[in-house]
Structure formats: C-alpha cells, structure tokens
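Structure data follow from run.txt (compact mmCIF, C-alpha atoms):
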```txt
# COMPACT_ATOMS: atom_id res chain seq x y z
CA MET A 806 0.00 0.00 0.00
CA LYS A 807 2.87 2.36 0.88
CA ARG A 808 4.57 1.45 -2.38
CA LEU A 809 1.40 2.28 -4.32
CA PHE A 810 1.12 5.58 -2.51
CA LEU A 811 4.75 6.47 -3.32
CA MET A 812 4.28 5.59 -6.98
CA SER A 813 1.16 7.74 -7.10
CA ALA A 814 3.03 10.62 -5.51
CA VAL A 815 5.87 10.33 -8.03
CA CYS A 816 3.39 10.26 -10.94
CA PHE A 817 1.57 13.29 -9.53
CA ALA A 818 4.82 15.20 -9.11
CA THR A 819 6.01 14.30 -12.63
CA ALA A 820 2.71 15.41 -14.07
CA GLY A 821 3.05 18.67 -12.17
CA TRP A 822 6.53 19.25 -13.57
CA ALA A 823 5.30 18.61 -17.11
CA GLN A 824 2.85 21.48 -16.78
CA VAL A 825 5.53 24.05 -15.88
CA LYS A 826 6.13 26.50 -18.73
CA MET A 827 9.24 28.64 -18.74
CA PRO A 828 10.08 31.61 -20.99
CA ALA A 829 12.14 30.64 -24.04
CA PRO A 830 15.76 31.83 -23.65
CA SER A 831 15.82 32.63 -27.38
CA PRO A 832 12.22 33.56 -28.22
CA THR A 833 10.91 33.06 -31.73
CA GLN A 834 9.76 35.99 -33.83
CA THR A 835 7.89 36.03 -37.14
CA LEU A 836 8.02 39.14 -39.34
CA LYS A 837 5.79 39.85 -42.31
CA GLN A 838 6.60 42.81 -44.50
CA ASP A 839 4.36 43.94 -47.35
CA PHE A 840 6.69 44.54 -50.26
CA GLY A 841 6.21 45.20 -53.96
CA LEU A 842 2.98 43.47 -54.95
CA SER A 843 3.20 40.77 -52.26
CA SER A 844 5.16 40.24 -49.02
CA ILE A 845 8.20 38.67 -47.37
CA GLU A 846 8.13 36.64 -44.13
CA VAL A 847 10.97 35.73 -41.76
CA THR A 848 10.82 33.34 -38.80
CA TYR A 849 13.82 33.13 -36.49
CA SER A 850 14.91 32.81 -32.84
CA ARG A 851 16.48 35.70 -30.94
CA PRO A 852 19.39 34.83 -28.63
CA ALA A 853 20.69 37.47 -26.22
CA THR A 854 24.27 38.52 -25.49
CA ARG A 855 23.85 38.16 -21.68
CA GLY A 856 27.22 39.81 -21.14
CA ARG A 857 29.02 37.48 -23.53
CA LYS A 858 31.33 38.37 -26.40
CA VAL A 859 29.26 37.35 -29.42
CA ILE A 860 30.51 38.14 -32.93
CA GLY A 861 33.92 36.57 -33.44
CA ASP A 862 33.60 34.45 -30.27
CA LEU A 863 30.23 32.87 -29.47
CA VAL A 864 29.55 33.22 -33.20
CA PRO A 865 33.01 32.48 -34.66
CA TYR A 866 34.40 34.17 -37.73
CA ASN A 867 34.71 32.16 -40.93
CA LYS A 868 32.30 29.42 -39.82
CA LEU A 869 28.73 28.65 -40.86
CA TRP A 870 26.15 30.10 -38.46
CA ARG A 871 22.47 29.23 -38.22
CA THR A 872 21.71 32.98 -38.09
CA GLY A 873 19.86 32.96 -34.80
CA ALA A 874 19.17 30.10 -32.40
CA ASN A 875 17.30 26.79 -32.36
CA ALA A 876 15.71 25.82 -35.70
CA ALA A 877 17.11 27.20 -38.92
CA THR A 878 16.03 30.75 -39.78
CA LEU A 879 13.41 30.74 -42.55
CA ILE A 880 12.58 33.38 -45.14
CA ARG A 881 9.64 33.17 -47.51
CA PHE A 882 9.24 35.30 -50.62
CA HIS A 883 5.65 35.44 -51.81
CA ASP A 884 6.82 36.76 -55.16
CA ASP A 885 10.01 36.61 -57.22
CA VAL A 886 12.67 39.11 -56.10
CA MET A 887 16.08 40.29 -57.23
CA ILE A 888 18.98 40.21 -54.78
CA LYS A 889 22.22 41.85 -55.91
CA GLY A 890 21.37 41.17 -59.53
CA LYS A 891 20.27 37.54 -59.06
CA LYS A 892 16.66 36.44 -59.47
CA ILE A 893 15.29 34.50 -56.49
CA ASP A 894 12.11 32.55 -57.17
CA SER A 895 9.14 32.83 -54.82
CA GLY A 896 9.23 30.20 -52.09
CA SER A 897 10.83 29.38 -48.73
CA TYR A 898 14.53 29.24 -47.95
CA VAL A 899 16.84 28.87 -44.96
CA ILE A 900 19.16 31.78 -44.20
CA TYR A 901 22.69 30.76 -43.24
CA THR A 902 25.55 33.19 -42.71
CA ILE A 903 29.32 33.09 -42.46
CA PRO A 904 30.54 36.11 -40.50
CA HIS A 905 33.96 37.60 -41.32
CA GLU A 906 35.60 40.59 -39.70
CA GLU A 907 34.75 43.06 -42.48
CA SER A 908 32.04 41.19 -44.40
CA TRP A 909 29.47 38.42 -44.12
CA ASP A 910 28.40 35.74 -46.56
CA ILE A 911 24.61 35.37 -46.61
CA ILE A 912 23.38 32.05 -47.99
CA LEU A 913 19.90 31.05 -49.15
CA ASN A 914 19.54 27.27 -48.87
CA LYS A 915 16.78 24.71 -49.45
CA GLY A 916 17.40 22.71 -46.26
CA LEU A 917 14.02 23.60 -44.80
CA THR A 918 13.93 20.70 -42.34
CA ASN A 919 17.38 21.39 -40.86
CA TRP A 920 17.79 22.07 -37.16
CA GLY A 921 20.08 25.04 -37.09
CA ALA A 922 23.24 24.34 -39.06
CA SER A 923 22.86 20.59 -38.60
CA GLY A 924 22.22 18.94 -41.94
CA TYR A 925 23.54 21.85 -43.99
CA THR A 926 24.96 20.96 -47.38
CA ASP A 927 26.14 23.46 -49.98
CA SER A 928 24.53 21.36 -52.71
CA LEU A 929 21.22 22.85 -51.56
CA ASP A 930 22.48 26.44 -51.79
CA VAL A 931 20.34 28.63 -54.03
CA ALA A 932 22.47 31.76 -53.79
CA ARG A 933 25.33 33.23 -51.80
CA PHE A 934 25.92 36.96 -51.32
CA THR A 935 28.76 38.88 -49.71
CA VAL A 936 27.79 42.06 -47.86
CA GLU A 937 29.70 44.63 -45.86
CA SER A 938 29.83 44.34 -42.07
CA LYS A 939 29.47 47.55 -40.07
CA LYS A 940 30.18 48.41 -36.44
CA ILE A 941 27.22 49.99 -34.64
CA LYS A 942 26.32 51.59 -31.32
CA PRO A 943 24.60 51.14 -28.95
CA THR A 944 24.88 47.41 -28.34
CA VAL A 945 22.01 45.28 -29.68
CA GLU A 946 21.20 42.86 -26.85
CA ASN A 947 19.00 40.43 -28.79
CA PHE A 948 19.84 39.20 -32.28
CA THR A 949 17.53 41.19 -34.56
CA ILE A 950 16.32 40.77 -38.12
CA GLN A 951 14.24 43.57 -39.60
CA PHE A 952 13.30 45.22 -42.88
CA THR A 953 14.60 48.74 -43.42
CA ASN A 954 14.79 51.43 -46.12
CA ILE A 955 11.51 50.23 -47.61
CA THR A 956 10.33 51.71 -50.90
CA PRO A 957 7.66 50.37 -53.28
CA SER A 958 10.29 48.39 -55.19
CA SER A 959 13.24 47.91 -52.82
CA CYS A 960 14.10 47.16 -49.20
CA GLU A 961 16.95 45.85 -47.08
CA LEU A 962 17.03 42.81 -44.85
CA GLN A 963 19.02 43.96 -41.84
CA LEU A 964 20.75 41.61 -39.38
CA SER A 965 22.22 43.06 -36.19
CA TRP A 966 23.62 41.75 -32.93
CA GLU A 967 25.97 43.13 -30.33
CA ASN A 968 27.89 45.85 -32.24
CA THR A 969 27.69 44.39 -35.73
CA MET A 970 25.16 44.99 -38.52
CA VAL A 971 24.84 43.75 -42.09
CA ARG A 972 22.23 44.57 -44.75
CA LEU A 973 21.08 42.60 -47.79
CA PRO A 974 19.39 44.64 -50.56
CA ILE A 975 16.20 43.16 -52.07
CA ALA A 976 14.42 44.47 -55.15
CA ALA A 977 10.99 43.81 -56.65
CA GLN A 978 10.52 44.04 -60.41
CA ILE A 979 6.98 45.36 -60.57
CA ASN A 980 6.86 48.10 -63.20
CA ASP A 981 5.96 45.85 -66.12
CA ARG A 982 3.16 44.19 -64.17
CA ILE A 983 1.69 47.47 -62.91
CA ARG A 984 1.92 48.99 -66.38
CA SER A 985 0.05 46.01 -67.86
CA GLN A 986 -2.68 46.34 -65.22
CA ILE A 987 -3.05 50.07 -65.88
CA GLU A 988 -3.14 49.70 -69.67
CA ALA A 989 -5.79 46.99 -69.39
CA ALA A 990 -7.87 49.04 -66.93
CA LEU A 991 -7.70 52.11 -69.18
CA GLN A 992 -9.64 50.13 -71.77
CA THR A 993 -12.61 49.79 -69.38
CA ASP A 994 -15.34 52.27 -68.51
CA LYS A 995 -13.81 53.10 -65.10
CA LYS A 996 -10.46 54.43 -66.21
CA PRO A 997 -7.83 54.64 -63.41
CA TYR A 998 -6.40 58.03 -64.37
CA TRP A 999 -5.33 58.82 -60.79
CA GLN A 1000 -3.40 55.55 -60.38
CA ALA A 1001 -1.89 55.97 -63.86
CA ALA A 1002 -0.64 59.44 -62.97
CA GLN A 1003 1.03 58.15 -59.81
CA PHE A 1004 2.62 55.23 -61.64
CA TYR A 1005 4.12 57.29 -64.45
CA HIS A 1006 5.33 60.02 -62.09
CA GLU A 1007 6.75 57.89 -59.28
CA TYR A 1008 7.77 54.65 -60.99
CA GLU A 1009 8.42 55.46 -64.64
CA LYS A 1010 9.67 59.05 -64.09
CA ASN A 1011 7.65 60.09 -67.14
CA ASP A 1012 6.14 63.42 -66.03
CA LYS A 1013 4.71 64.29 -69.43
CA LYS A 1014 2.56 61.16 -69.42
CA ALA A 1015 1.81 61.60 -65.71
CA LEU A 1016 0.55 65.12 -66.34
CA ASP A 1017 -1.79 63.90 -69.07
CA TYR A 1018 -3.31 61.35 -66.73
CA VAL A 1019 -3.52 63.61 -63.67
CA THR A 1020 -5.30 66.23 -65.80
CA GLU A 1021 -7.84 63.56 -66.79
CA ALA A 1022 -8.12 62.63 -63.10
CA THR A 1023 -9.01 66.21 -62.09
CA GLN A 1024 -11.76 66.23 -64.71
CA GLN A 1025 -12.96 62.83 -63.51
CA ASN A 1026 -13.05 64.02 -59.87
CA PRO A 1027 -12.98 67.84 -59.90
CA LYS A 1028 -13.33 68.31 -56.12
CA ALA A 1029 -10.44 65.99 -55.21
CA TYR A 1030 -8.01 68.53 -53.78
CA TRP A 1031 -5.36 65.83 -53.27
CA ILE A 1032 -5.33 65.23 -57.03
CA TRP A 1033 -5.08 68.96 -57.77
CA LEU A 1034 -2.10 69.19 -55.40
CA TYR A 1035 -0.48 66.20 -57.08
CA LYS A 1036 -0.98 67.92 -60.45
CA ALA A 1037 0.68 71.04 -59.05
CA LYS A 1038 3.69 69.03 -57.89
CA ILE A 1039 4.11 67.41 -61.31
CA GLU A 1040 3.86 70.80 -63.00
CA HIS A 1041 6.41 72.19 -60.55
CA ALA A 1042 8.76 69.27 -61.30
CA MET A 1043 8.40 70.06 -65.01
CA GLY A 1044 9.37 73.69 -64.43
CA ASN A 1045 5.93 75.20 -65.12
CA LYS A 1046 5.48 77.38 -62.04
CA THR A 1047 2.50 79.28 -63.46
CA ALA A 1048 0.48 76.11 -64.03
CA ALA A 1049 1.62 74.69 -60.70
CA MET A 1050 0.42 77.81 -58.87
CA ALA A 1051 -2.99 77.65 -60.57
CA SER A 1052 -3.43 73.98 -59.67
CA SER A 1053 -2.30 74.55 -56.09
CA LYS A 1054 -4.72 77.48 -55.67
CA LYS A 1055 -7.55 75.22 -56.83
CA SER A 1056 -6.44 72.54 -54.36
CA LEU A 1057 -6.23 75.10 -51.55
CA GLU A 1058 -9.72 76.40 -52.29
CA LEU A 1059 -11.20 72.90 -52.18
CA ALA A 1060 -9.21 71.95 -49.07
CA LYS A 1061 -10.55 75.00 -47.23
CA GLU A 1062 -14.11 74.05 -48.23
CA ASP A 1063 -13.49 70.59 -46.74
CA GLN A 1064 -11.62 72.07 -43.73
CA ASN A 1065 -8.63 69.79 -44.32
CA ASP A 1066 -5.80 71.46 -42.44
CA ASP A 1067 -3.12 69.11 -43.75
CA TYR A 1068 -3.79 69.96 -47.38
CA ILE A 1069 -4.20 73.64 -46.58
CA LYS A 1070 -0.72 73.61 -45.07
CA MET A 1071 0.82 71.59 -47.93
CA ASN A 1072 -0.59 73.98 -50.52
CA GLU A 1073 0.58 77.05 -48.63
CA GLU A 1074 4.08 75.57 -48.39
CA LEU A 1075 4.15 74.74 -52.10
CA GLN A 1076 2.90 78.19 -53.08
CA SER A 1077 5.62 79.84 -51.00
CA LYS A 1078 8.19 77.93 -53.10
CA LEU A 1079 6.50 78.94 -56.35
CA LYS A 1080 6.56 82.70 -55.68
```
Can I see the file as structure tokens?
Amino acid sequence: MKRLFLMSAVCFATAGWAQVKMPAPSPTQTLKQDFGLSSIEVTYSRPATRGRKVIGDLVPYNKLWRTGANAATLIRFHDDVMIKGKKIDSGSYVIYTIPHEESWDIILNKGLTNWGASGYTDSLDVARFTVESKKIKPTVENFTIQFTNITPSSCELQLSWENTMVRLPIAAQINDRIRSQIEAALQTDKKPYWQAAQFYHEYEKNDKKALDYVTEATQQNPKAYWIWLYKAKIEHAMGNKTAAMASSKKSLELAKEDQNDDYIKMNEELQSKLK
C-alpha cells in the first residue's frame, strides 16, 4: 500500500513538472513585411548577449552560423525578387551566414527541415551573397532581423547583434506588371487616371505622361483637392510654375471648403516655393 502511494506521488509530481512552462531563452519571432505586390516573411529565434562576447567568439568568424538560435532561420518570398542582380524565385529558404571581420556571406539554402546548421549541405544552396559588415552603437542585446529602407520596389534585410550589422538589398521588379494592369484598366469604362498618374510620375519618371493622366483625373473628380495638389507638384517638377500655382490654388480652395488642415498647409508651403 505504501509502495502504491509512493508511486502515485511520483506520478503526480512528474505530471506537475510537465505542466511548468518557462520563458524561451531565445524567443521566436515572425516578421511579415508587405513589399512590392506581395510580401516577405521571416521566422527566427532571438538569442541574447547576456554579457558574452558574441561576434567573433560565441559566433566564430569564418564558420557557418544558423543565423539565430534553435531551428534554422526561414525566409519566404511570396513573389520573385532580385537580390544583388540575381533572381530568387518565390518560395521558402533557410538563411545561413558566415561572418567575417569586415564582411558576411549570406546564404539562401533549401534545407528547410534542418535544425540550425545541422544537416547543412552546400549542394542545396540557391544563392550566396557577400555584404559589408558595419560596427554599430549602442549594443544590440537580442539578435535582430528587420526590414529597413523600404520603398515600393526595394528594401533591405538587416541583421544586427551586439555591435555588428549587415544589410542585404532586395528588389521587386513590378513596373511591367503594374503597367500592364493600368493599360488593361484604361480600356474599361472606369479608367484609373489617378493611379496611372502616380505610376508614371513615381515609378516610370515620365512626367509628361503623368501630367496627361492627372489632368484627366481632375476632370474625372474635380473636387479631389489631393489630385489637384499632385498635379501642381508634377507641373512644378516640369518647371511650369505658373500652371503649378494655378493647380495649387484650386487645391487650396477645395481643401478649405473641406476644412482639411493638412492639405491647406501643404498647398501654402508649395505656393511659398512657387513665388
């Protein structure tokens, strides 16, 4: 009977231990960044320095690193991208790195089931890039991956830990696709003049064509003061201050009617430059 009681106590204690949940020493983070016409996702674990010397010691130079902790770091491109002139197909990849004192090698690999660097083989490498390593302050306590310098068609994947930071440039080739969408939509009854103006001004740098479309957009929506201001900015960029002033005055008038302080201020600032 005593033996049965002791066994029951042990089982109860073991069950109690199994229910204890402790914070992960290297917590997992998943990032999703809208980019181009789709998005990029990264899942990785974030070890901390905890007073240790990291880059060049805990993470040795010239050796393959899992780029984080625990399972291999994963990146998923939901659309094709260009990285340093090389096309990378949409899909999921493991990010491995080889830190050096003045540069890092960043590797995209297909070993999706690998645990950290275990199981790595270069035969599954998709691409390898060398990027500059920079010293930074203050100290980054937890290994950090983030997206920076984001534009509609480019961004940087930034890796930083301790006093070291590297950045990998990523580009999206979207102009041809957007242009095809716009040209097709312009054949319909609801013509996207406003979107066409933005595309040709901001992406194609074709202000003459942008001006044609933004003019059509003001006729399509004559009380849209944001479109009138955009027209003024294009005219200003083309060196036609007289036309830009007229468009801005129209935008200001409509903005005051709508009591939109932001557009009132933007028009007043533009007009001060045009005088």
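Put simply, atom CA of Ile983 of chain A is 10.3 Å away from atom CA of Gly841 of chain A.
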How close does each residue of segment 857-912 of chain A get to segment 917-930 of chain A, giving the shortest atom pair and distance in Å to one decimal for every residue with an atom at most 10 Å away, counting all atoms listed in the file, sorted by chain and residue number, as a Markdown table?
```
| residue | atom | partner | partner_atom | distance |
| --- | --- | --- | --- | --- |
| A:Leu869 | CA | A:Ala922 | CA | 7.2 |
| A:Trp870 | CA | A:Ala922 | CA | 6.5 |
| A:Arg871 | CA | A:Gly921 | CA | 5.0 |
| A:Thr872 | CA | A:Gly921 | CA | 8.2 |
| A:Gly873 | CA | A:Gly921 | CA | 8.2 |
| A:Ala874 | CA | A:Gly921 | CA | 7.0 |
| A:Asn875 | CA | A:Gly921 | CA | 5.8 |
| A:Ala876 | CA | A:Trp920 | CA | 4.5 |
| A:Ala877 | CA | A:Gly921 | CA | 4.1 |
| A:Thr878 | CA | A:Gly921 | CA | 7.5 |
| A:Leu879 | CA | A:Leu917 | CA | 7.5 |
| A:Ile880 | CA | A:Leu917 | CA | 9.9 |
| A:Ser897 | CA | A:Leu917 | CA | 7.7 |
| A:Tyr898 | CA | A:Leu917 | CA | 6.5 |
| A:Val899 | CA | A:Leu917 | CA | 6.0 |
| A:Ile900 | CA | A:Leu917 | CA | 9.7 |
| A:Tyr901 | CA | A:Ala922 | CA | 7.7 |
| A:Thr902 | CA | A:Ala922 | CA | 9.8 |
| A:Ile912 | CA | A:Asp930 | CA | 6.8 |
```
What does the structure give for the distance between atom CA of Arg855 of chain A and atom CA of Pro904 of chain A, in Å to one decimal? 20.1 Å
Provide an axis-aligned box for all listed atoms of segment 946-963 of chain A, padding each side by 3 Å; report its centre and its edge lengths in Å to one decimal, as lines of an AutoDock Vina configuration file.
```
center_x = 14.4
center_y = 45.5
center_z = -41.0
size_x = 19.5
size_y = 18.5
size_z = 34.3
```
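Atom CA of Trp909 of chain A lies 19.3 Å from atom CA of Thr854 of chain A.
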Would you pick out the contacts of Thr1020 of chain A at 8 Å or less, using all atoms listed in the file, so that residues sharing its chain but fewer than 4 positions from it are not included, and give the list as number ranges by chain? A: 1016, 1024, 1036
Long-range neighbours of Leu964 of chain A as a PyMOL selection string, 6 Å cut-off, all atoms listed in the file, 5 positions minimum in chain: chain A and resi 949-950+970-971
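With all atoms listed in the file as the basis for measurement, A:Leu842 is the residue among A:Phe934, A:Ser831, A:Arg857, A:Leu842 that approaches Arg982 of chain A most closely.
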Compile the contact shell of Ile893 of chain A as number ranges by chain: residues with an atom at most 10 Å away, counting only C-alpha atoms, same-chain residues fewer than 5 positions apart removed. A: 882, 884-888, 913, 931-932, 975
Please identify all polymer residues within 8 Å of Phe1004 of chain A, counting all atoms listed in the file, omitting same-chain residues fewer than 5 positions from it, and present them as a ChimeraX atom specification. /A:983-984,1009,1015
Residues of segment 966-1018 of chain A that approach segment 1038-1048 of chain A to 12 Å or less, counting only C-alpha atoms: could you list each one with the shortest pair of atoms and its distance in Å to one decimal, rows by chain and increasing residue number, as JSON lines?
```
{"residue": "A:Ala1002", "atom": "CA", "partner": "A:Ile1039", "partner_atom": "CA", "distance": 9.4}
{"residue": "A:Gln1003", "atom": "CA", "partner": "A:Ile1039", "partner_atom": "CA", "distance": 9.9}
{"residue": "A:Tyr1005", "atom": "CA", "partner": "A:Ile1039", "partner_atom": "CA", "distance": 10.6}
{"residue": "A:His1006", "atom": "CA", "partner": "A:Ile1039", "partner_atom": "CA", "distance": 7.5}
{"residue": "A:Glu1007", "atom": "CA", "partner": "A:Ile1039", "partner_atom": "CA", "distance": 10.1}
{"residue": "A:Lys1010", "atom": "CA", "partner": "A:Ile1039", "partner_atom": "CA", "distance": 10.4}
{"residue": "A:Asn1011", "atom": "CA", "partner": "A:Ile1039", "partner_atom": "CA", "distance": 10.0}
{"residue": "A:Asp1012", "atom": "CA", "partner": "A:Ile1039", "partner_atom": "CA", "distance": 6.5}
{"residue": "A:Lys1013", "atom": "CA", "partner": "A:Met1043", "partner_atom": "CA", "distance": 8.2}
{"residue": "A:Lys1014", "atom": "CA", "partner": "A:Ile1039", "partner_atom": "CA", "distance": 10.4}
{"residue": "A:Ala1015", "atom": "CA", "partner": "A:Ile1039", "partner_atom": "CA", "distance": 7.6}
{"residue": "A:Leu1016", "atom": "CA", "partner": "A:Ile1039", "partner_atom": "CA", "distance": 6.6}
{"residue": "A:Asp1017", "atom": "CA", "partner": "A:Ile1039", "partner_atom": "CA", "distance": 10.4}
{"residue": "A:Tyr1018", "atom": "CA", "partner": "A:Ile1039", "partner_atom": "CA", "distance": 11.0}
```
Neighbour residues at most 12 Å from (12.3, 54.7, -51.1) (all atoms listed in the file) as an NGL selection string: :A and (840-841 or 953-961 or 976 or 1007-1008)
Output for the residues just chosen: C-alpha atoms as an mmCIF file, keeping the file's coordinate frame:
```cif
data_model
loop_
_atom_site.group_PDB
_atom_site.id
_atom_site.type_symbol
_atom_site.label_atom_id
_atom_site.label_comp_id
_atom_site.auth_asym_id
_atom_site.auth_seq_id
_atom_site.Cartn_x
_atom_site.Cartn_y
_atom_site.Cartn_z
ATOM 1 C CA PHE A 840 6.690 44.540 -50.260
ATOM 2 C CA GLY A 841 6.210 45.200 -53.960
ATOM 3 C CA THR A 953 14.600 48.740 -43.420
ATOM 4 C CA ASN A 954 14.790 51.430 -46.120
ATOM 5 C CA ILE A 955 11.510 50.230 -47.610
ATOM 6 C CA THR A 956 10.330 51.710 -50.900
ATOM 7 C CA PRO A 957 7.660 50.370 -53.280
ATOM 8 C CA SER A 958 10.290 48.390 -55.190
ATOM 9 C CA SER A 959 13.240 47.910 -52.820
ATOM 10 C CA CYS A 960 14.100 47.160 -49.200
ATOM 11 C CA GLU A 961 16.950 45.850 -47.080
ATOM 12 C CA ALA A 976 14.420 44.470 -55.150
ATOM 13 C CA GLU A 1007 6.750 57.890 -59.280
ATOM 14 C CA TYR A 1008 7.770 54.650 -60.990
#
```
Using all atoms listed in the file, find the one residue out of A:Thr835, A:Gln951, A:Leu962, A:Glu967 that sits nearest to Asp862 of chain A. A:Glu967
Would you fill out segment 987-1008 of chain A with N, CA, C and O atoms and return it as a tab-separated table (two decimals), keeping the file's coordinate frame?
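Dumped to out-v6.tsv:
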```tsv
chain	number	residue	atom	x	y	z
A	987	ILE	N	-2.53	48.74	-65.58
A	987	ILE	CA	-3.05	50.07	-65.88
A	987	ILE	C	-3.55	50.14	-67.32
A	987	ILE	O	-4.65	50.64	-67.59
A	988	GLU	N	-2.75	49.63	-68.26
A	988	GLU	CA	-3.14	49.70	-69.67
A	988	GLU	C	-4.42	48.91	-69.93
A	988	GLU	O	-5.27	49.34	-70.71
A	989	ALA	N	-4.56	47.78	-69.23
A	989	ALA	CA	-5.79	46.99	-69.39
A	989	ALA	C	-6.98	47.73	-68.79
A	989	ALA	O	-8.07	47.77	-69.37
A	990	ALA	N	-6.77	48.34	-67.61
A	990	ALA	CA	-7.87	49.04	-66.93
A	990	ALA	C	-8.29	50.30	-67.68
A	990	ALA	O	-9.46	50.71	-67.63
A	991	LEU	N	-7.36	50.91	-68.41
A	991	LEU	CA	-7.70	52.11	-69.18
A	991	LEU	C	-8.61	51.80	-70.37
A	991	LEU	O	-9.16	52.72	-70.97
A	992	GLN	N	-8.74	50.53	-70.69
A	992	GLN	CA	-9.64	50.13	-71.77
A	992	GLN	C	-11.07	49.91	-71.28
A	992	GLN	O	-11.98	49.67	-72.07
A	993	THR	N	-11.29	50.00	-69.96
A	993	THR	CA	-12.61	49.79	-69.38
A	993	THR	C	-13.33	51.13	-69.20
A	993	THR	O	-12.77	52.20	-69.45
A	994	ASP	N	-14.57	51.05	-68.73
A	994	ASP	CA	-15.34	52.27	-68.51
A	994	ASP	C	-14.81	53.09	-67.34
A	994	ASP	O	-14.83	54.32	-67.36
A	995	LYS	N	-14.34	52.41	-66.28
A	995	LYS	CA	-13.81	53.10	-65.10
A	995	LYS	C	-12.30	53.22	-65.24
A	995	LYS	O	-11.54	52.37	-64.77
A	996	LYS	N	-11.87	54.26	-65.88
A	996	LYS	CA	-10.46	54.43	-66.21
A	996	LYS	C	-9.68	54.94	-64.98
A	996	LYS	O	-10.05	55.96	-64.40
A	997	PRO	N	-8.59	54.27	-64.61
A	997	PRO	CA	-7.83	54.64	-63.41
A	997	PRO	C	-6.81	55.75	-63.68
A	997	PRO	O	-5.60	55.56	-63.54
A	998	TYR	N	-7.31	56.94	-64.04
A	998	TYR	CA	-6.40	58.03	-64.37
A	998	TYR	C	-5.51	58.43	-63.19
A	998	TYR	O	-4.32	58.73	-63.37
A	999	TRP	N	-6.08	58.42	-61.98
A	999	TRP	CA	-5.33	58.82	-60.79
A	999	TRP	C	-4.18	57.85	-60.52
A	999	TRP	O	-3.04	58.26	-60.30
A	1000	GLN	N	-4.45	56.54	-60.59
A	1000	GLN	CA	-3.40	55.55	-60.38
A	1000	GLN	C	-2.35	55.62	-61.50
A	1000	GLN	O	-1.15	55.47	-61.25
A	1001	ALA	N	-2.82	55.87	-62.73
A	1001	ALA	CA	-1.89	55.97	-63.86
A	1001	ALA	C	-0.95	57.15	-63.68
A	1001	ALA	O	0.26	57.05	-63.95
A	1002	ALA	N	-1.48	58.27	-63.20
A	1002	ALA	CA	-0.64	59.44	-62.97
A	1002	ALA	C	0.44	59.15	-61.93
A	1002	ALA	O	1.62	59.50	-62.11
A	1003	GLN	N	0.05	58.49	-60.85
A	1003	GLN	CA	1.03	58.15	-59.81
A	1003	GLN	C	2.10	57.20	-60.34
A	1003	GLN	O	3.29	57.35	-60.05
A	1004	PHE	N	1.68	56.21	-61.12
A	1004	PHE	CA	2.62	55.23	-61.64
A	1004	PHE	C	3.65	55.89	-62.56
A	1004	PHE	O	4.86	55.70	-62.41
A	1005	TYR	N	3.18	56.71	-63.50
A	1005	TYR	CA	4.12	57.29	-64.45
A	1005	TYR	C	5.00	58.37	-63.83
A	1005	TYR	O	6.15	58.57	-64.26
A	1006	HIS	N	4.51	59.02	-62.78
A	1006	HIS	CA	5.33	60.02	-62.09
A	1006	HIS	C	6.35	59.37	-61.15
A	1006	HIS	O	7.53	59.73	-61.17
A	1007	GLU	N	5.91	58.42	-60.35
A	1007	GLU	CA	6.75	57.89	-59.28
A	1007	GLU	C	7.58	56.68	-59.70
A	1007	GLU	O	8.69	56.48	-59.19
A	1008	TYR	N	7.07	55.87	-60.61
A	1008	TYR	CA	7.77	54.65	-60.99
A	1008	TYR	C	8.51	54.78	-62.32
A	1008	TYR	O	9.65	54.35	-62.46
```
